[in-house]
file final_1.cif (mmCIF, C-alpha atoms and all ligand atoms)
data_start
#
loop_
_atom_site.label_atom_id
_atom_site.label_comp_id
_atom_site.auth_asym_id
_atom_site.auth_seq_id
_atom_site.Cartn_x
_atom_site.Cartn_y
_atom_site.Cartn_z
CA MET L 3 109.76 85.36 95.66
CA LEU L 4 107.53 87.45 97.91
CA THR L 5 108.15 91.00 99.04
CA TYR L 6 107.02 92.27 102.42
CA LEU L 7 105.90 95.63 103.76
CA VAL L 8 105.20 95.84 107.49
CA LEU L 9 103.28 98.78 108.96
CA ILE L 10 103.33 99.29 112.71
CA ARG L 11 101.63 101.93 114.80
CA HIS L 12 103.91 102.92 117.72
CA GLY L 13 103.29 101.24 121.07
CA GLN L 14 101.00 102.79 123.66
CA SER L 15 102.04 106.36 124.52
CA VAL L 16 101.51 108.29 127.73
CA TRP L 17 98.71 110.28 126.11
CA ASN L 18 97.11 107.16 124.61
CA LEU L 19 96.93 105.90 128.18
CA GLU L 20 95.50 109.20 129.44
CA ASN L 21 93.03 109.32 126.52
CA ARG L 22 94.30 112.68 125.29
CA PHE L 23 94.45 113.94 121.70
CA THR L 24 98.12 113.69 120.78
CA GLY L 25 98.64 114.57 117.12
CA ASP L 26 102.13 115.93 116.56
CA THR L 27 102.86 116.52 120.27
CA ASP L 28 106.02 114.57 121.10
CA VAL L 29 105.10 112.25 123.98
CA ASP L 30 106.85 109.15 125.34
CA LEU L 31 105.89 105.51 125.25
CA THR L 32 104.51 103.89 128.40
CA ALA L 33 106.03 100.71 129.83
CA GLN L 34 103.21 98.83 128.08
CA GLY L 35 104.08 100.61 124.82
CA ARG L 36 107.69 99.45 125.10
CA ALA L 37 106.49 95.90 125.82
CA GLU L 38 104.25 96.02 122.72
CA ALA L 39 107.23 97.08 120.62
CA GLN L 40 109.33 94.27 122.04
CA LEU L 41 106.63 91.71 121.26
CA THR L 42 106.36 93.03 117.71
CA GLY L 43 110.12 92.66 117.34
CA LYS L 44 109.92 89.06 118.52
CA LYS L 45 107.08 88.29 116.09
CA LEU L 46 109.07 89.76 113.20
CA LYS L 47 112.21 87.91 114.20
CA LYS L 48 110.29 84.63 113.99
CA ARG L 49 109.25 85.45 110.40
CA GLU L 50 112.91 85.88 109.41
CA ILE L 51 112.11 88.65 106.93
CA PRO L 52 115.31 90.44 105.88
CA PHE L 53 114.53 94.19 105.74
CA VAL L 54 116.56 96.68 103.74
CA ALA L 55 114.96 99.85 105.07
CA ALA L 56 112.92 101.16 107.98
CA PHE L 57 110.93 104.39 107.84
CA THR L 58 109.64 106.34 110.80
CA SER L 59 108.41 109.80 111.79
CA MET L 60 110.15 112.61 113.65
CA LEU L 61 108.24 111.78 116.84
CA ARG L 62 109.89 109.84 119.62
CA ARG L 63 107.06 107.38 120.31
CA ALA L 64 107.53 106.02 116.78
CA GLN L 65 111.32 106.25 116.81
CA GLU L 66 111.58 104.47 120.15
CA THR L 67 109.19 101.75 118.94
CA LEU L 68 111.41 101.27 115.90
CA ASP L 69 114.59 101.17 118.05
CA ILE L 70 113.11 98.44 120.24
CA ILE L 71 112.02 96.42 117.19
CA LEU L 72 115.43 96.79 115.55
CA HIS L 73 117.12 95.66 118.74
CA GLU L 74 114.94 92.53 118.78
CA ILE L 75 115.32 91.57 115.12
CA ASN L 76 119.03 92.31 115.16
CA GLN L 77 119.57 93.13 111.49
CA PRO L 78 122.30 95.79 111.74
CA ASN L 79 122.33 96.70 108.04
CA ILE L 80 118.82 98.11 107.82
CA LYS L 81 118.88 101.70 106.56
CA ILE L 82 116.80 104.04 108.71
CA TYR L 83 114.87 107.03 107.37
CA LYS L 84 113.12 109.59 109.59
CA THR L 85 110.62 112.00 108.06
CA ALA L 86 107.94 114.45 109.17
CA ALA L 87 105.86 113.18 106.23
CA LEU L 88 104.97 110.19 108.41
CA ASN L 89 104.20 112.25 111.54
CA GLU L 90 100.81 111.86 113.17
CA ARG L 91 98.04 114.03 111.75
CA SER L 92 97.93 117.33 113.65
CA TYR L 93 94.93 117.52 115.98
CA GLY L 94 95.49 121.27 116.28
CA LYS L 95 93.77 122.90 119.25
CA LEU L 96 92.53 119.51 120.47
CA GLN L 97 96.05 118.34 121.30
CA GLY L 98 96.44 117.67 125.01
CA LEU L 99 92.69 117.63 125.63
CA ASN L 100 90.88 114.57 126.91
CA LYS L 101 88.85 112.72 124.27
CA ALA L 102 86.00 111.81 126.64
CA GLU L 103 85.75 115.39 127.95
CA MET L 104 85.65 116.73 124.39
CA ALA L 105 82.86 114.24 123.60
CA GLU L 106 80.89 115.65 126.55
CA LYS L 107 81.53 119.21 125.41
CA TYR L 108 81.00 118.89 121.64
CA GLY L 109 79.03 115.62 121.40
CA ALA L 110 80.32 112.13 120.70
CA ASN L 111 79.30 112.42 117.07
CA GLN L 112 81.44 115.49 116.43
CA VAL L 113 84.44 113.94 118.17
CA GLN L 114 84.02 110.77 116.12
CA LEU L 115 83.98 112.88 112.93
CA TRP L 116 87.17 114.69 113.96
CA ARG L 117 88.82 111.36 114.71
CA ARG L 118 87.65 109.11 111.91
CA SER L 119 86.17 110.98 108.94
CA PHE L 120 88.22 111.66 105.83
CA ASP L 121 87.38 115.33 105.33
CA GLU L 122 86.51 116.80 108.73
CA VAL L 123 89.25 119.21 109.85
CA PRO L 124 89.81 119.29 113.64
CA PRO L 125 90.11 122.94 114.86
CA GLY L 126 93.53 124.20 113.74
CA GLY L 127 94.59 120.68 112.69
CA GLU L 128 94.69 118.42 109.63
CA SER L 129 91.96 116.26 108.12
CA LEU L 130 92.82 112.71 107.16
CA ARG L 131 92.73 113.88 103.53
CA GLN L 132 95.37 116.54 104.25
CA THR L 133 97.45 113.94 106.09
CA GLN L 134 97.20 111.64 103.10
CA GLU L 135 98.36 114.48 100.83
CA ARG L 136 101.75 114.42 102.56
CA VAL L 137 102.00 110.68 103.35
CA LEU L 138 101.31 109.33 99.86
CA PRO L 139 103.84 111.44 97.91
CA TYR L 140 106.51 110.28 100.37
CA TYR L 141 105.39 106.67 99.99
CA TYR L 142 105.45 106.89 96.17
CA GLU L 143 108.86 108.49 96.13
CA HIS L 144 110.72 106.55 98.79
CA ILE L 145 108.92 103.35 99.80
CA GLU L 146 107.09 101.95 96.78
CA PRO L 147 110.23 101.96 94.58
CA LEU L 148 111.97 99.69 97.10
CA LEU L 149 109.03 97.30 97.17
CA ARG L 150 108.98 97.22 93.38
CA GLN L 151 112.63 96.18 93.55
CA GLN L 152 111.49 93.33 95.84
CA LYS L 153 113.08 94.85 98.92
CA ASN L 154 111.34 94.38 102.26
CA VAL L 155 110.40 97.51 104.18
CA LEU L 156 109.34 98.33 107.72
CA VAL L 157 107.30 101.46 108.52
CA VAL L 158 106.71 102.58 112.11
CA ALA L 159 104.33 105.52 112.29
CA HIS L 160 100.99 106.63 113.73
CA GLY L 161 97.31 105.77 113.81
CA ASN L 162 96.23 108.36 111.26
CA SER L 163 99.33 108.63 109.08
CA LEU L 164 99.02 104.84 108.70
CA ARG L 165 95.25 104.94 108.06
CA ALA L 166 96.01 107.36 105.21
CA LEU L 167 98.51 104.90 103.76
CA MET L 168 96.25 101.89 104.32
CA MET L 169 93.53 103.55 102.24
CA HIS L 170 95.87 103.47 99.29
CA LEU L 171 97.37 100.02 99.91
CA GLU L 172 94.08 98.26 100.59
CA ASN L 173 91.88 100.37 98.33
CA ILE L 174 89.73 101.53 101.26
CA GLY L 175 87.23 104.23 100.33
CA GLU L 176 86.50 107.54 102.08
CA HIS L 177 83.45 106.10 103.78
CA ALA L 178 84.92 102.72 104.74
CA ILE L 179 87.98 104.32 106.37
CA THR L 180 85.72 105.80 109.06
CA GLN L 181 85.44 102.26 110.47
CA VAL L 182 89.18 101.53 110.49
CA ASP L 183 91.10 101.75 113.75
CA ILE L 184 94.73 100.62 114.01
CA PRO L 185 95.82 99.04 117.30
CA THR L 186 99.09 100.17 118.92
CA GLY L 187 102.12 97.96 118.44
CA VAL L 188 100.61 95.28 116.21
CA PRO L 189 102.42 94.67 112.91
CA ARG L 190 100.34 94.62 109.72
CA LEU L 191 102.04 92.51 107.08
CA TYR L 192 101.53 93.09 103.34
CA GLU L 193 102.77 90.45 100.91
CA PHE L 194 103.42 91.22 97.25
CA ASP L 195 104.16 88.79 94.45
CA ASP L 196 106.96 89.29 91.93
CA VAL L 197 104.87 91.64 89.76
CA PHE L 198 103.99 93.80 92.81
CA LYS L 199 100.46 92.47 93.14
CA MET L 200 99.31 92.41 96.75
CA ILE L 201 98.46 88.89 97.81
CA GLY L 202 97.98 89.36 101.54
CA ALA L 203 97.27 92.00 104.18
CA ASN L 204 97.04 90.74 107.76
CA TYR L 205 97.92 91.63 111.31
CA ILE L 206 100.60 89.29 112.65
CA ALA L 207 99.11 87.60 115.69
CA ASP L 208 102.14 85.59 116.78
O1 LIG O 301 96.81 111.58 117.96
C1 LIG O 301 96.21 110.82 118.72
O2 LIG O 301 95.48 111.20 119.65
C2 LIG O 301 96.34 109.34 118.49
O3 LIG O 301 97.60 109.07 118.03
C3 LIG O 301 95.35 108.83 117.47
O4 LIG O 301 94.15 109.23 117.93
P1 LIG O 301 92.73 108.90 117.29
O5 LIG O 301 92.48 107.43 117.51
O6 LIG O 301 91.83 109.76 118.07
O7 LIG O 301 92.78 109.30 115.85
#
call {"tool": "encode", "arguments": {"input": "final_1.cif", "output": "structure tokens", "more": "lines below"}}
Ligand SMILES: O=C(O)[C@H](O)COP(=O)(O)O
result
Amino acid sequence: MLTYLVLIRHGQSVWNLENRFTGDTDVDLTAQGRAEAQLTGKKLKKREIPFVAAFTSMLRRAQETLDIILHEINQPNIKIYKTAALNERSYGKLQGLNKAEMAEKYGANQVQLWRRSFDEVPPGGESLRQTQERVLPYYYEHIEPLLRQQKNVLVVAHGNSLRALMMHLENIGEHAITQVDIPTGVPRLYEFDDVFKMIGANYIAD
């Protein structure tokens, strides 16, 4: 018997669309973001995976994405957990500012480091390492035990809180993670065998 973990970055948000640093600012989904969530729900419904639990952050772009998915898959007994541990990494003073304008002001290289490196701390915000230091303890305590009991789990969170988790799940190093970008609203499916060995990690295309 296989066990499944599905990670999903929320659908496109208003500030994704406007190319602004978002971090833990609570912004809404766009119409496209809601459509992405709906499509994800349809893809998951086709797989007929029975989930026992769904985890999301305290931010409404993730919660709304999860609501739309749950509506599509129609499994009313899924237990829902909301936690700030899965919130997006804080971008501190960059939040609200335009990414392209910041690249003009500080240089594309610096902006890329703030966005993708493991250790660089954005002004007043969190590095990916610091994000991982809150995401992983939550994962070990609340999510991994369910998977080890062969229970299927859904996680709807954010680009960087999920990159932090992916590093652990897929054994991605501090250098390699700089190349990893997670698309909005596309489910990533992990399959584990009955001794909790990962046997697959793929985005679900259809
Ligand atoms: O916080 C943000 O701006 C986005 O959710 C993720 O942005 P990034 O791709 O710049 O890390």
call {"tool": "closest_residue", "arguments": {"input": "final_1.cif", "among": "L:Leu96, L:Leu88, L:Ile75, L:Val29", "to": "L:Arg117", "atoms": "only C-alpha atoms"}}
result
L:Leu96
call {"tool": "closest_residue", "arguments": {"input": "final_1.cif", "among": "L:Asn76, L:Thr67, L:Gln134, L:Gln97", "to": "ligand LIG 301 (chain O)", "atoms": "only C-alpha atoms and all ligand atoms"}}
result
L:Gln97
call {"tool": "residues_around", "arguments": {"input": "final_1.cif", "residues": "stretch 150-162 of chain L", "least_positions_apart": "2", "cutoff": "9 Å", "atoms": "all atoms listed in the file", "output": "NGL selection string"}}
result
:L and (3-12 or 25 or 51-59 or 61 or 63-65 or 67-68 or 88-91 or 117-118 or 130 or 133-134 or 145-148 or 164-167 or 183-186 or 194-198)
call {"tool": "write_last_selection", "arguments": {"input": "final_1.cif", "atoms": "C-alpha atoms", "output": "compact mmCIF listing (two decimals), keeping the file's coordinate frame"}}
result
# COMPACT_ATOMS: atom_id res chain seq x y z
CA MET L 3 109.76 85.36 95.66
CA LEU L 4 107.53 87.45 97.91
CA THR L 5 108.15 91.00 99.04
CA TYR L 6 107.02 92.27 102.42
CA LEU L 7 105.90 95.63 103.76
CA VAL L 8 105.20 95.84 107.49
CA LEU L 9 103.28 98.78 108.96
CA ILE L 10 103.33 99.29 112.71
CA ARG L 11 101.63 101.93 114.80
CA HIS L 12 103.91 102.92 117.72
CA GLY L 25 98.64 114.57 117.12
CA ILE L 51 112.11 88.65 106.93
CA PRO L 52 115.31 90.44 105.88
CA PHE L 53 114.53 94.19 105.74
CA VAL L 54 116.56 96.68 103.74
CA ALA L 55 114.96 99.85 105.07
CA ALA L 56 112.92 101.16 107.98
CA PHE L 57 110.93 104.39 107.84
CA THR L 58 109.64 106.34 110.80
CA SER L 59 108.41 109.80 111.79
CA LEU L 61 108.24 111.78 116.84
CA ARG L 63 107.06 107.38 120.31
CA ALA L 64 107.53 106.02 116.78
CA GLN L 65 111.32 106.25 116.81
CA THR L 67 109.19 101.75 118.94
CA LEU L 68 111.41 101.27 115.90
CA LEU L 88 104.97 110.19 108.41
CA ASN L 89 104.20 112.25 111.54
CA GLU L 90 100.81 111.86 113.17
CA ARG L 91 98.04 114.03 111.75
CA ARG L 117 88.82 111.36 114.71
CA ARG L 118 87.65 109.11 111.91
CA LEU L 130 92.82 112.71 107.16
CA THR L 133 97.45 113.94 106.09
CA GLN L 134 97.20 111.64 103.10
CA ILE L 145 108.92 103.35 99.80
CA GLU L 146 107.09 101.95 96.78
CA PRO L 147 110.23 101.96 94.58
CA LEU L 148 111.97 99.69 97.10
CA LEU L 164 99.02 104.84 108.70
CA ARG L 165 95.25 104.94 108.06
CA ALA L 166 96.01 107.36 105.21
CA LEU L 167 98.51 104.90 103.76
CA ASP L 183 91.10 101.75 113.75
CA ILE L 184 94.73 100.62 114.01
CA PRO L 185 95.82 99.04 117.30
CA THR L 186 99.09 100.17 118.92
CA PHE L 194 103.42 91.22 97.25
CA ASP L 195 104.16 88.79 94.45
CA ASP L 196 106.96 89.29 91.93
CA VAL L 197 104.87 91.64 89.76
CA PHE L 198 103.99 93.80 92.81
call {"tool": "closest_residue", "arguments": {"input": "final_1.cif", "among": "L:Leu72, L:Leu171, L:Met200, L:Ala105", "to": "ligand LIG 301 (chain O)", "atoms": "only C-alpha atoms and all ligand atoms"}}
result
L:Ala105
call {"tool": "atom_distance", "arguments": {"input": "final_1.cif", "atom1": "atom CA of L:Leu138", "atom2": "atom CA of L:Ile201"}}
result
20.7 Å
call {"tool": "atom_distance", "arguments": {"input": "final_1.cif", "atom1": "atom CA of L:Asp208", "atom2": "atom CA of L:Gly13"}}
result
16.3 Å
call {"tool": "atom_distance", "arguments": {"input": "final_1.cif", "atom1": "atom CA of L:Glu143", "atom2": "atom CA of L:Arg131"}}
result
18.5 Å
call {"tool": "closest_residue", "arguments": {"input": "final_1.cif", "among": "L:Lys101, L:Arg36, L:Arg62, L:Lys84", "to": "ligand LIG 301 (chain O)", "atoms": "only C-alpha atoms and all ligand atoms"}}
result
L:Lys101
call {"tool": "residues_around", "arguments": {"input": "final_1.cif", "residues": "L:Thr180", "least_positions_apart": "4", "cutoff": "10 Å", "atoms": "all atoms listed in the file", "output": "ChimeraX atom specification"}}
result
/L:114-115,117-120,165,174-176
call {"tool": "closest_residue", "arguments": {"input": "final_1.cif", "among": "L:Met104, L:Glu50, L:Met169, L:Ser92", "to": "L:Gln181", "atoms": "all atoms listed in the file"}}
result
L:Met169
call {"tool": "residues_around", "arguments": {"input": "final_1.cif", "residues": "L:Val16", "least_positions_apart": "6", "cutoff": "10 Å", "atoms": "all atoms listed in the file", "output": "JSON list (two decimals) with C-alpha atoms, in the coordinates of the input"}}
result
[["chain", "number", "residue", "atom", "x", "y", "z"],
["L", 22, "ARG", "CA", 94.30, 112.68, 125.29],
["L", 24, "THR", "CA", 98.12, 113.69, 120.78],
["L", 29, "VAL", "CA", 105.10, 112.25, 123.98],
["L", 30, "ASP", "CA", 106.85, 109.15, 125.34],
["L", 31, "LEU", "CA", 105.89, 105.51, 125.25],
["L", 32, "THR", "CA", 104.51, 103.89, 128.40],
["L", 33, "ALA", "CA", 106.03, 100.71, 129.83],
["L", 34, "GLN", "CA", 103.21, 98.83, 128.08],
["L", 35, "GLY", "CA", 104.08, 100.61, 124.82],
["L", 63, "ARG", "CA", 107.06, 107.38, 120.31]]
call {"tool": "closest_residue", "arguments": {"input": "final_1.cif", "among": "L:Tyr108, L:Tyr192, L:Tyr83, L:Trp116", "to": "ligand LIG 301 (chain O)", "atoms": "only C-alpha atoms and all ligand atoms"}}
result
L:Trp116
